[in-house]
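Asker: Sharing a structure, written as C-alpha cells. Questions coming.
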Amino acid sequence: MVESKLSVDYSLYLVTGRDLLPNGKDYLESLEESIQGGVTLVQIREKHADTGEFLQIARASKEICRRYNVPILINDRVDIALAIGADGVHLGQTDMPVDVARKLLPSTAIIGMTCNTVEHVKKAVEDGVDYVGIGPVWATQTKKLTSPVVGVRGLGPLLEALEGTDVKAVSIAGIKSTNALHCLHGAVSIYGRSLDGLAVVSDIVASTDPYNAAKKIAGIVQAFKASP
Ligand code: TZP
Ligand code: MG
C-alpha cells in the first residue's frame with residue numbers, strides 16, 4: 001500500500017531563527033507559544049549549529065510540533081530530517097536536488113524549494129516538489145539575500161507558473177502582520193492564483209510575545225481565505 005501524503009496547512013509557516021530571539025526568551029518556549037498562536041507549519045532553520053546541535057534542536061522542536069499536530073520540516077539537511085523522522089525538508093537552489101532527496105526520504109515526505117524566478121518554479125514543479133517558497137517579497141534583515149526583491153507584483157508570474165499544478169505556494173521575506181494582507185491581496189489580484197500561506201521569521205521569532213505575533217498573522221490569513 002502506498003502511504004498517502006500528510007495534508008499540510010501552509011497558512012502560517014514559521015521558519016525558525018534562534019539568533020533573533022529577544023534577550024532571555026527560551027527557544028522552545030517561543031516555538032510552543034507561536035504554535036499556540038496559530039502557526040500551522042514549522043521549518044527548523046539552523047545556519048550556525050553543528051550537526052550535533054542541529055539534531056538536538058530538531059528533536060526537541062519535533063516533540064513540541066507533534067504535541068500540537070503541526071508538521072515539521074528541516075531546512076537544507078535531508079540527513080537530519082531522516083534522523084529525527086521529520087515530515088520533510090525545505091531545499092534551496094544550491095542544496096540537494098529534489099529528485100535525490102525524494103529517493104532518500106519516505107514517500108510521504110513533504111519537499112519544498114525556494115524559488116526566485118519563473119524558471120526556478122518550472123523546474124521545481126517538474127522535479128515534483130510539494131510547495132515552493134517564493135520571493136523575496138521585501139527586504140529583510142534576517143537573511144543576506146542572494147536574489148533581488150520581487151515585491152508583491154513580482155509574485156504574479158511565479159504564481160502563474162504554478163497554474164494547472166497542485167503545487168502549493170508560500171511567500172517569504174519581510175512579511176509582518178502590518179503587510180500580510182497586502183501580500184495576500186496583491187498576489188491574488190495579479191493573476192487570480194492565491195498564495196497558500198505566508199512564511200515568517202522575525203515578526204514572530206523576534207517578538208517577546210510570539211503567541212500574539214502569530215495570532216495576528218494567522219487571523220489575517222484565515223480571514224483572507226474565508227473571504228469570497
Ligand atoms: N529565505 C528567504 S528570506 C528569508 C529566508 C529564510 C528570511 C525571511 O525572514 P523575515 O524575518 O520573515 O523577513
Ligand atoms: Mg538551503
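Ordered as shown in the C-alpha cells, chains take letters A, B, and onward, while each chain numbers its residues from 1 and ligands are numbered from 1 in the order shown.
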If we count only C-alpha atoms, what is near segment 29-46 of chain A at a cut-off of 7 Å, once residues fewer than 3 positions away on the same chain are taken out, given as a list of chain:residue names?
Answerer: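 Listing them by chain and then by number gives A:Asp9, A:Tyr10, A:Ser11, A:Leu12, A:Tyr13, A:Leu14, A:Val15, A:Thr16, A:Gly17, A:Lys25, A:Asp26, A:Ala49, A:Phe54, A:Ala58, A:Ile64, A:Val70, A:Pro71, A:Ile72, A:Leu73, A:Ile74, A:Asn75, A:Pro210, A:Tyr211, A:Asn212, A:Ala214, A:Lys215, A:Ala218.
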Asker: Using the selection just defined, write its residues with C-alpha atoms as a compact mmCIF listing (two decimals), in the first residue's frame.
Answerer:
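Output file part-v1.txt is given in full below:
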# COMPACT_ATOMS: atom_id res chain seq x y z
CA ASP A 9 -1.96 23.70 6.09
CA TYR A 10 0.52 26.27 4.76
CA SER A 11 -1.39 29.28 6.16
CA LEU A 12 1.21 30.42 8.69
CA TYR A 13 4.57 28.85 8.07
CA LEU A 14 7.08 29.62 10.81
CA VAL A 15 10.74 29.43 9.81
CA THR A 16 12.84 29.38 12.97
CA GLY A 17 15.67 31.77 13.72
CA LYS A 25 13.43 34.25 25.64
CA ASP A 26 13.77 30.49 25.51
CA ALA A 49 24.69 24.99 14.51
CA PHE A 54 21.08 20.80 14.86
CA ALA A 58 15.36 19.44 15.66
CA ILE A 64 6.57 20.22 20.53
CA VAL A 70 1.90 20.68 13.40
CA PRO A 71 4.16 19.27 10.67
CA ILE A 72 7.90 19.91 10.95
CA LEU A 73 10.29 20.36 8.04
CA ILE A 74 14.08 20.68 8.13
CA ASN A 75 15.97 23.34 6.20
CA PRO A 210 5.21 35.18 19.85
CA TYR A 211 1.72 33.93 20.75
CA ASN A 212 0.12 37.24 19.82
CA ALA A 214 1.49 34.59 15.35
CA LYS A 215 -2.18 35.10 16.24
CA ALA A 218 -2.84 33.69 11.41
Asker: Step one, run DSSP on the backbone; step two, keep only residues of segment 38-207 of chain A assigned to helix (DSSP H, G or I); then write them as a PDB file with N, CA and C atoms, in the first residue's frame.
Answerer:
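The new file part.pdb reads:
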ATOM      1  N   THR A  51      26.305  19.741  13.440  1.00  0.00           N
ATOM      2  CA  THR A  51      25.332  18.672  13.210  1.00  0.00           C
ATOM      3  C   THR A  51      24.698  18.180  14.513  1.00  0.00           C
ATOM      4  N   GLY A  52      25.530  18.028  15.543  1.00  0.00           N
ATOM      5  CA  GLY A  52      25.014  17.529  16.820  1.00  0.00           C
ATOM      6  C   GLY A  52      23.975  18.459  17.407  1.00  0.00           C
ATOM      7  N   GLU A  53      24.281  19.750  17.348  1.00  0.00           N
ATOM      8  CA  GLU A  53      23.358  20.731  17.911  1.00  0.00           C
ATOM      9  C   GLU A  53      22.075  20.810  17.077  1.00  0.00           C
ATOM     10  N   PHE A  54      22.233  20.761  15.765  1.00  0.00           N
ATOM     11  CA  PHE A  54      21.082  20.796  14.857  1.00  0.00           C
ATOM     12  C   PHE A  54      20.146  19.624  15.181  1.00  0.00           C
ATOM     13  N   LEU A  55      20.742  18.441  15.358  1.00  0.00           N
ATOM     14  CA  LEU A  55      19.949  17.247  15.687  1.00  0.00           C
ATOM     15  C   LEU A  55      19.166  17.436  16.978  1.00  0.00           C
ATOM     16  N   GLN A  56      19.851  17.947  17.955  1.00  0.00           N
ATOM     17  CA  GLN A  56      19.239  18.128  19.277  1.00  0.00           C
ATOM     18  C   GLN A  56      18.083  19.139  19.209  1.00  0.00           C
ATOM     19  N   ILE A  57      18.328  20.247  18.513  1.00  0.00           N
ATOM     20  CA  ILE A  57      17.287  21.275  18.361  1.00  0.00           C
ATOM     21  C   ILE A  57      16.100  20.712  17.574  1.00  0.00           C
ATOM     22  N   ALA A  58      16.421  19.980  16.517  1.00  0.00           N
ATOM     23  CA  ALA A  58      15.355  19.443  15.656  1.00  0.00           C
ATOM     24  C   ALA A  58      14.501  18.441  16.425  1.00  0.00           C
ATOM     25  N   ARG A  59      15.150  17.599  17.211  1.00  0.00           N
ATOM     26  CA  ARG A  59      14.414  16.587  18.011  1.00  0.00           C
ATOM     27  C   ARG A  59      13.500  17.246  19.027  1.00  0.00           C
ATOM     28  N   ALA A  60      14.044  18.211  19.730  1.00  0.00           N
ATOM     29  CA  ALA A  60      13.246  18.896  20.768  1.00  0.00           C
ATOM     30  C   ALA A  60      12.092  19.663  20.118  1.00  0.00           C
ATOM     31  N   SER A  61      12.354  20.250  18.951  1.00  0.00           N
ATOM     32  CA  SER A  61      11.301  21.000  18.246  1.00  0.00           C
ATOM     33  C   SER A  61      10.214  20.044  17.778  1.00  0.00           C
ATOM     34  N   LYS A  62      10.641  18.871  17.316  1.00  0.00           N
ATOM     35  CA  LYS A  62       9.662  17.897  16.815  1.00  0.00           C
ATOM     36  C   LYS A  62       8.694  17.473  17.925  1.00  0.00           C
ATOM     37  N   GLU A  63       9.237  17.315  19.119  1.00  0.00           N
ATOM     38  CA  GLU A  63       8.398  16.904  20.243  1.00  0.00           C
ATOM     39  C   GLU A  63       7.253  17.910  20.448  1.00  0.00           C
ATOM     40  N   ILE A  64       7.595  19.185  20.358  1.00  0.00           N
ATOM     41  CA  ILE A  64       6.569  20.220  20.531  1.00  0.00           C
ATOM     42  C   ILE A  64       5.593  20.208  19.358  1.00  0.00           C
ATOM     43  N   CYS A  65       6.139  20.133  18.142  1.00  0.00           N
ATOM     44  CA  CYS A  65       5.259  20.140  16.964  1.00  0.00           C
ATOM     45  C   CYS A  65       4.282  18.970  16.999  1.00  0.00           C
ATOM     46  N   ARG A  66       4.753  17.795  17.400  1.00  0.00           N
ATOM     47  CA  ARG A  66       3.888  16.603  17.458  1.00  0.00           C
ATOM     48  C   ARG A  66       2.758  16.787  18.469  1.00  0.00           C
ATOM     49  N   ARG A  67       3.098  17.456  19.570  1.00  0.00           N
ATOM     50  CA  ARG A  67       2.096  17.688  20.615  1.00  0.00           C
ATOM     51  C   ARG A  67       0.899  18.463  20.063  1.00  0.00           C
ATOM     52  N   VAL A  78      18.754  16.870   4.592  1.00  0.00           N
ATOM     53  CA  VAL A  78      17.955  15.653   4.426  1.00  0.00           C
ATOM     54  C   VAL A  78      18.352  14.617   5.485  1.00  0.00           C
ATOM     55  N   ASP A  79      19.639  14.579   5.825  1.00  0.00           N
ATOM     56  CA  ASP A  79      20.094  13.592   6.823  1.00  0.00           C
ATOM     57  C   ASP A  79      19.445  13.847   8.186  1.00  0.00           C
ATOM     58  N   ILE A  80      19.318  15.110   8.542  1.00  0.00           N
ATOM     59  CA  ILE A  80      18.715  15.426   9.846  1.00  0.00           C
ATOM     60  C   ILE A  80      17.213  15.135   9.816  1.00  0.00           C
ATOM     61  N   ALA A  81      16.588  15.423   8.693  1.00  0.00           N
ATOM     62  CA  ALA A  81      15.149  15.108   8.558  1.00  0.00           C
ATOM     63  C   ALA A  81      14.933  13.606   8.746  1.00  0.00           C
ATOM     64  N   LEU A  82      15.804  12.809   8.119  1.00  0.00           N
ATOM     65  CA  LEU A  82      15.690  11.347   8.239  1.00  0.00           C
ATOM     66  C   LEU A  82      15.952  10.898   9.672  1.00  0.00           C
ATOM     67  N   ALA A  83      16.979  11.461  10.260  1.00  0.00           N
ATOM     68  CA  ALA A  83      17.395  11.024  11.597  1.00  0.00           C
ATOM     69  C   ALA A  83      16.319  11.272  12.646  1.00  0.00           C
ATOM     70  N   ILE A  84      15.592  12.381  12.519  1.00  0.00           N
ATOM     71  CA  ILE A  84      14.597  12.679  13.567  1.00  0.00           C
ATOM     72  C   ILE A  84      13.186  12.281  13.148  1.00  0.00           C
ATOM     73  N   VAL A  98      15.961  17.990  -5.709  1.00  0.00           N
ATOM     74  CA  VAL A  98      14.694  17.413  -5.231  1.00  0.00           C
ATOM     75  C   VAL A  98      14.600  15.917  -5.523  1.00  0.00           C
ATOM     76  N   ASP A  99      15.008  15.509  -6.736  1.00  0.00           N
ATOM     77  CA  ASP A  99      14.845  14.081  -7.078  1.00  0.00           C
ATOM     78  C   ASP A  99      15.732  13.193  -6.202  1.00  0.00           C
ATOM     79  N   VAL A 100      16.882  13.703  -5.820  1.00  0.00           N
ATOM     80  CA  VAL A 100      17.774  12.922  -4.944  1.00  0.00           C
ATOM     81  C   VAL A 100      17.166  12.842  -3.536  1.00  0.00           C
ATOM     82  N   ALA A 101      16.669  13.980  -3.055  1.00  0.00           N
ATOM     83  CA  ALA A 101      16.040  13.997  -1.724  1.00  0.00           C
ATOM     84  C   ALA A 101      14.838  13.062  -1.709  1.00  0.00           C
ATOM     85  N   ARG A 102      14.081  13.077  -2.774  1.00  0.00           N
ATOM     86  CA  ARG A 102      12.889  12.227  -2.883  1.00  0.00           C
ATOM     87  C   ARG A 102      13.267  10.746  -2.731  1.00  0.00           C
ATOM     88  N   LYS A 103      14.388  10.382  -3.347  1.00  0.00           N
ATOM     89  CA  LYS A 103      14.824   8.968  -3.276  1.00  0.00           C
ATOM     90  C   LYS A 103      15.215   8.577  -1.860  1.00  0.00           C
ATOM     91  N   LEU A 104      15.783   9.527  -1.146  1.00  0.00           N
ATOM     92  CA  LEU A 104      16.271   9.214   0.203  1.00  0.00           C
ATOM     93  C   LEU A 104      15.167   9.236   1.253  1.00  0.00           C
ATOM     94  N   VAL A 118      10.735  32.480 -12.488  1.00  0.00           N
ATOM     95  CA  VAL A 118       9.776  31.586 -13.152  1.00  0.00           C
ATOM     96  C   VAL A 118      10.477  30.276 -13.530  1.00  0.00           C
ATOM     97  N   GLU A 119      11.727  30.381 -13.965  1.00  0.00           N
ATOM     98  CA  GLU A 119      12.491  29.164 -14.328  1.00  0.00           C
ATOM     99  C   GLU A 119      12.650  28.249 -13.115  1.00  0.00           C
ATOM    100  N   HIS A 120      12.948  28.851 -11.972  1.00  0.00           N
ATOM    101  CA  HIS A 120      13.059  28.040 -10.748  1.00  0.00           C
ATOM    102  C   HIS A 120      11.751  27.303 -10.479  1.00  0.00           C
ATOM    103  N   VAL A 121      10.638  28.032 -10.613  1.00  0.00           N
ATOM    104  CA  VAL A 121       9.330  27.428 -10.299  1.00  0.00           C
ATOM    105  C   VAL A 121       9.053  26.276 -11.267  1.00  0.00           C
ATOM    106  N   LYS A 122       9.282  26.513 -12.552  1.00  0.00           N
ATOM    107  CA  LYS A 122       9.001  25.470 -13.555  1.00  0.00           C
ATOM    108  C   LYS A 122       9.821  24.216 -13.271  1.00  0.00           C
ATOM    109  N   LYS A 123      11.095  24.410 -12.952  1.00  0.00           N
ATOM    110  CA  LYS A 123      11.979  23.277 -12.672  1.00  0.00           C
ATOM    111  C   LYS A 123      11.516  22.538 -11.407  1.00  0.00           C
ATOM    112  N   ALA A 124      11.159  23.307 -10.386  1.00  0.00           N
ATOM    113  CA  ALA A 124      10.717  22.697  -9.120  1.00  0.00           C
ATOM    114  C   ALA A 124       9.455  21.858  -9.352  1.00  0.00           C
ATOM    115  N   VAL A 125       8.549  22.375 -10.179  1.00  0.00           N
ATOM    116  CA  VAL A 125       7.308  21.631 -10.490  1.00  0.00           C
ATOM    117  C   VAL A 125       7.669  20.334 -11.213  1.00  0.00           C
ATOM    118  N   GLU A 126       8.530  20.463 -12.207  1.00  0.00           N
ATOM    119  CA  GLU A 126       8.978  19.277 -12.969  1.00  0.00           C
ATOM    120  C   GLU A 126       9.600  18.224 -12.051  1.00  0.00           C
ATOM    121  N   GLY A 151       8.974  42.023  -4.792  1.00  0.00           N
ATOM    122  CA  GLY A 151       7.785  42.798  -4.462  1.00  0.00           C
ATOM    123  C   GLY A 151       6.524  41.959  -4.662  1.00  0.00           C
ATOM    124  N   VAL A 152       5.406  42.513  -4.247  1.00  0.00           N
ATOM    125  CA  VAL A 152       4.146  41.775  -4.378  1.00  0.00           C
ATOM    126  C   VAL A 152       3.836  41.517  -5.851  1.00  0.00           C
ATOM    127  N   ARG A 153       4.099  42.515  -6.686  1.00  0.00           N
ATOM    128  CA  ARG A 153       3.807  42.344  -8.118  1.00  0.00           C
ATOM    129  C   ARG A 153       4.634  41.213  -8.727  1.00  0.00           C
ATOM    130  N   GLY A 154       5.839  41.071  -8.237  1.00  0.00           N
ATOM    131  CA  GLY A 154       6.730  40.035  -8.768  1.00  0.00           C
ATOM    132  C   GLY A 154       6.289  38.621  -8.426  1.00  0.00           C
ATOM    133  N   LEU A 155       5.376  38.495  -7.470  1.00  0.00           N
ATOM    134  CA  LEU A 155       4.878  37.161  -7.125  1.00  0.00           C
ATOM    135  C   LEU A 155       3.963  36.632  -8.238  1.00  0.00           C
ATOM    136  N   GLY A 156       3.339  37.568  -8.979  1.00  0.00           N
ATOM    137  CA  GLY A 156       2.364  37.183 -10.005  1.00  0.00           C
ATOM    138  C   GLY A 156       2.872  36.134 -10.979  1.00  0.00           C
ATOM    139  N   PRO A 157       3.967  36.414 -11.694  1.00  0.00           N
ATOM    140  CA  PRO A 157       4.474  35.443 -12.661  1.00  0.00           C
ATOM    141  C   PRO A 157       4.902  34.116 -12.015  1.00  0.00           C
ATOM    142  N   LEU A 158       5.379  34.196 -10.786  1.00  0.00           N
ATOM    143  CA  LEU A 158       5.805  32.971 -10.093  1.00  0.00           C
ATOM    144  C   LEU A 158       4.588  32.103  -9.784  1.00  0.00           C
ATOM    145  N   LEU A 159       3.497  32.756  -9.388  1.00  0.00           N
ATOM    146  CA  LEU A 159       2.251  32.020  -9.121  1.00  0.00           C
ATOM    147  C   LEU A 159       1.660  31.503 -10.431  1.00  0.00           C
ATOM    148  N   GLU A 160       1.774  32.320 -11.461  1.00  0.00           N
ATOM    149  CA  GLU A 160       1.215  31.916 -12.767  1.00  0.00           C
ATOM    150  C   GLU A 160       1.890  30.634 -13.266  1.00  0.00           C
ATOM    151  N   ALA A 180       0.884  41.727   5.782  1.00  0.00           N
ATOM    152  CA  ALA A 180       0.456  40.379   5.373  1.00  0.00           C
ATOM    153  C   ALA A 180      -0.729  40.424   4.412  1.00  0.00           C
ATOM    154  N   LEU A 181      -1.699  41.277   4.731  1.00  0.00           N
ATOM    155  CA  LEU A 181      -2.898  41.331   3.893  1.00  0.00           C
ATOM    156  C   LEU A 181      -2.560  41.888   2.512  1.00  0.00           C
ATOM    157  N   HIS A 182      -1.689  42.879   2.498  1.00  0.00           N
ATOM    158  CA  HIS A 182      -1.250  43.464   1.225  1.00  0.00           C
ATOM    159  C   HIS A 182      -0.608  42.380   0.362  1.00  0.00           C
ATOM    160  N   CYS A 183       0.206  41.557   0.981  1.00  0.00           N
ATOM    161  CA  CYS A 183       0.889  40.489   0.257  1.00  0.00           C
ATOM    162  C   CYS A 183      -0.135  39.493  -0.320  1.00  0.00           C
ATOM    163  N   LEU A 184      -1.074  39.075   0.511  1.00  0.00           N
ATOM    164  CA  LEU A 184      -2.080  38.091   0.074  1.00  0.00           C
ATOM    165  C   LEU A 184      -2.950  38.659  -1.034  1.00  0.00           C
ATOM    166  N   HIS A 185      -3.433  39.895  -0.834  1.00  0.00           N
ATOM    167  CA  HIS A 185      -4.316  40.517  -1.816  1.00  0.00           C
ATOM    168  C   HIS A 185      -3.592  40.833  -3.102  1.00  0.00           C
ATOM    169  N   GLY A 186      -2.403  41.396  -2.941  1.00  0.00           N
ATOM    170  CA  GLY A 186      -1.635  41.797  -4.124  1.00  0.00           C
ATOM    171  C   GLY A 186      -1.357  40.604  -5.002  1.00  0.00           C
ATOM    172  N   ALA A 187      -0.963  39.512  -4.381  1.00  0.00           N
ATOM    173  CA  ALA A 187      -0.600  38.324  -5.149  1.00  0.00           C
ATOM    174  C   ALA A 187      -1.805  37.787  -5.904  1.00  0.00           C
ATOM    175  N   VAL A 188      -2.966  37.770  -5.268  1.00  0.00           N
ATOM    176  CA  VAL A 188      -4.126  37.159  -5.926  1.00  0.00           C
ATOM    177  C   VAL A 188      -4.713  38.078  -6.989  1.00  0.00           C
ATOM    178  N   SER A 189      -4.574  39.387  -6.783  1.00  0.00           N
ATOM    179  CA  SER A 189      -5.202  40.300  -7.735  1.00  0.00           C
ATOM    180  C   SER A 189      -4.452  40.342  -9.056  1.00  0.00           C
ATOM    181  N   ILE A 190      -3.243  39.855  -9.078  1.00  0.00           N
ATOM    182  CA  ILE A 190      -2.463  39.947 -10.306  1.00  0.00           C
ATOM    183  C   ILE A 190      -2.830  38.845 -11.302  1.00  0.00           C
ATOM    184  N   TYR A 191      -2.840  37.616 -10.858  1.00  0.00           N
ATOM    185  CA  TYR A 191      -3.160  36.529 -11.786  1.00  0.00           C
ATOM    186  C   TYR A 191      -4.299  35.636 -11.321  1.00  0.00           C
ATOM    187  N   SER A 202      11.159  36.781  11.478  1.00  0.00           N
ATOM    188  CA  SER A 202      11.395  37.748  12.561  1.00  0.00           C
ATOM    189  C   SER A 202      10.137  38.308  13.207  1.00  0.00           C
ATOM    190  N   ASP A 203       9.069  38.471  12.446  1.00  0.00           N
ATOM    191  CA  ASP A 203       7.884  39.095  13.058  1.00  0.00           C
ATOM    192  C   ASP A 203       7.343  38.237  14.202  1.00  0.00           C
ATOM    193  N   ILE A 204       7.653  36.951  14.158  1.00  0.00           N
ATOM    194  CA  ILE A 204       7.215  36.057  15.243  1.00  0.00           C
ATOM    195  C   ILE A 204       8.368  35.768  16.200  1.00  0.00           C
ATOM    196  N   VAL A 205       9.499  35.348  15.633  1.00  0.00           N
ATOM    197  CA  VAL A 205      10.617  34.881  16.480  1.00  0.00           C
ATOM    198  C   VAL A 205      11.228  36.012  17.313  1.00  0.00           C
TER     199      VAL A 205
END
Asker: Hey, which residues come within 12 Å of ligand 2 if we count only C-alpha atoms and all ligand atoms? Could you give them as a list of chain:residue names?
Answerer: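 Based on only C-alpha atoms and all ligand atoms, ligand 2 is surrounded within 12 Å by A:Gln43, A:Ile44, A:Arg45, A:Glu46, A:Lys47, A:Ile74, A:Asn75, A:Asp76, A:Arg77, A:Val78, A:Val89, A:His90, A:Leu91, A:Gly92, A:Gln93, A:Thr94, A:Asp95, A:Met96, A:Pro97, A:Val98, A:Gly112, A:Met113, A:Thr114, A:Cys115, A:Gly133, A:Lys143, A:Thr146.
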Asker: Could you tell me how far atom CA of Arg193 of chain A sits from atom 13 (O, counted along the ligand's line) of ligand 1, in Å to one decimal place?
Answerer: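 Straight-line distance from atom 13 (O, counted along the ligand's line) of ligand 1 to atom CA of Arg193 of chain A works out to 22.7 Å.
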Asker: Would you list the residues that come within 8 Å of ligand 1? Count only C-alpha atoms and all ligand atoms and give the answer as an mmCIF file with C-alpha atoms, in the first residue's frame.
Answerer:
data_model
loop_
_atom_site.group_PDB
_atom_site.id
_atom_site.type_symbol
_atom_site.label_atom_id
_atom_site.label_comp_id
_atom_site.auth_asym_id
_atom_site.auth_seq_id
_atom_site.Cartn_x
_atom_site.Cartn_y
_atom_site.Cartn_z
ATOM 1 C CA VAL A 15 10.739 29.429 9.806
ATOM 2 C CA ARG A 45 16.433 26.559 10.026
ATOM 3 C CA THR A 114 12.959 28.256 -2.596
ATOM 4 C CA GLY A 135 10.118 35.774 -3.149
ATOM 5 C CA PRO A 136 11.940 37.520 -1.681
ATOM 6 C CA TRP A 138 10.502 42.507 0.536
ATOM 7 C CA ALA A 139 13.880 43.376 2.032
ATOM 8 C CA THR A 140 14.773 41.594 5.244
ATOM 9 C CA GLN A 141 17.446 41.777 7.924
ATOM 10 C CA THR A 142 17.062 38.070 8.647
ATOM 11 C CA LYS A 143 18.962 36.693 5.670
ATOM 12 C CA LYS A 144 21.536 38.080 3.277
ATOM 13 C CA LEU A 145 19.525 37.923 0.084
ATOM 14 C CA ILE A 172 8.770 34.837 2.164
ATOM 15 C CA ALA A 173 10.864 37.822 3.264
ATOM 16 C CA GLY A 174 9.833 40.879 5.163
ATOM 17 C CA ILE A 175 6.325 39.594 5.895
ATOM 18 C CA LYS A 176 4.757 41.056 9.016
ATOM 19 C CA ALA A 199 6.378 32.199 5.659
ATOM 20 C CA VAL A 200 7.584 34.345 8.523
ATOM 21 C CA VAL A 201 10.708 34.514 10.671
ATOM 22 C CA SER A 202 11.395 37.748 12.561
ATOM 23 C CA ASP A 203 7.884 39.095 13.058
#
Asker: Report, in Å to a single decimal, how far apart atom CA of Asp19 of chain A and atom CA of Asp50 of chain A are.
Answerer: 14.5 Å
Asker: Tell me, in Å to one decimal, how far atom CA of Ile217 of chain A is from atom CA of Val149 of chain A.
Answerer: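 Answer for the atom CA of Ile217 of chain A to atom CA of Val149 of chain A separation: 21.4 Å.
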Asker: Neighbours of Val170 of chain A within 6 Å (only C-alpha atoms; same-chain residues fewer than 6 positions away dropped), as a VMD selection string?
Answerer: chain A and resid 133 195 to 198
Asker: Between A:Ser147, A:Asn69, A:Gln222, A:Ser207, which one has atoms that come closest to Asp87 of chain A, using only C-alpha atoms?
Answerer: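 That would be A:Asn69, the residue with the smallest distance to Asp87 of chain A.
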Asker: Can you tell me, as a list in words, which residues in segment 86-220 of chain A count as strand (DSSP E) by DSSP?
Answerer: Gly88, Val89, His90, Leu91, Ile110, Ile111, Gly112, Met113, Thr114, Cys115, Tyr131, Val132, Gly133, Ile134, Lys168, Ala169, Val170, Ser171, Ile172, Gly197, Leu198, Ala199 and Val200 of chain A
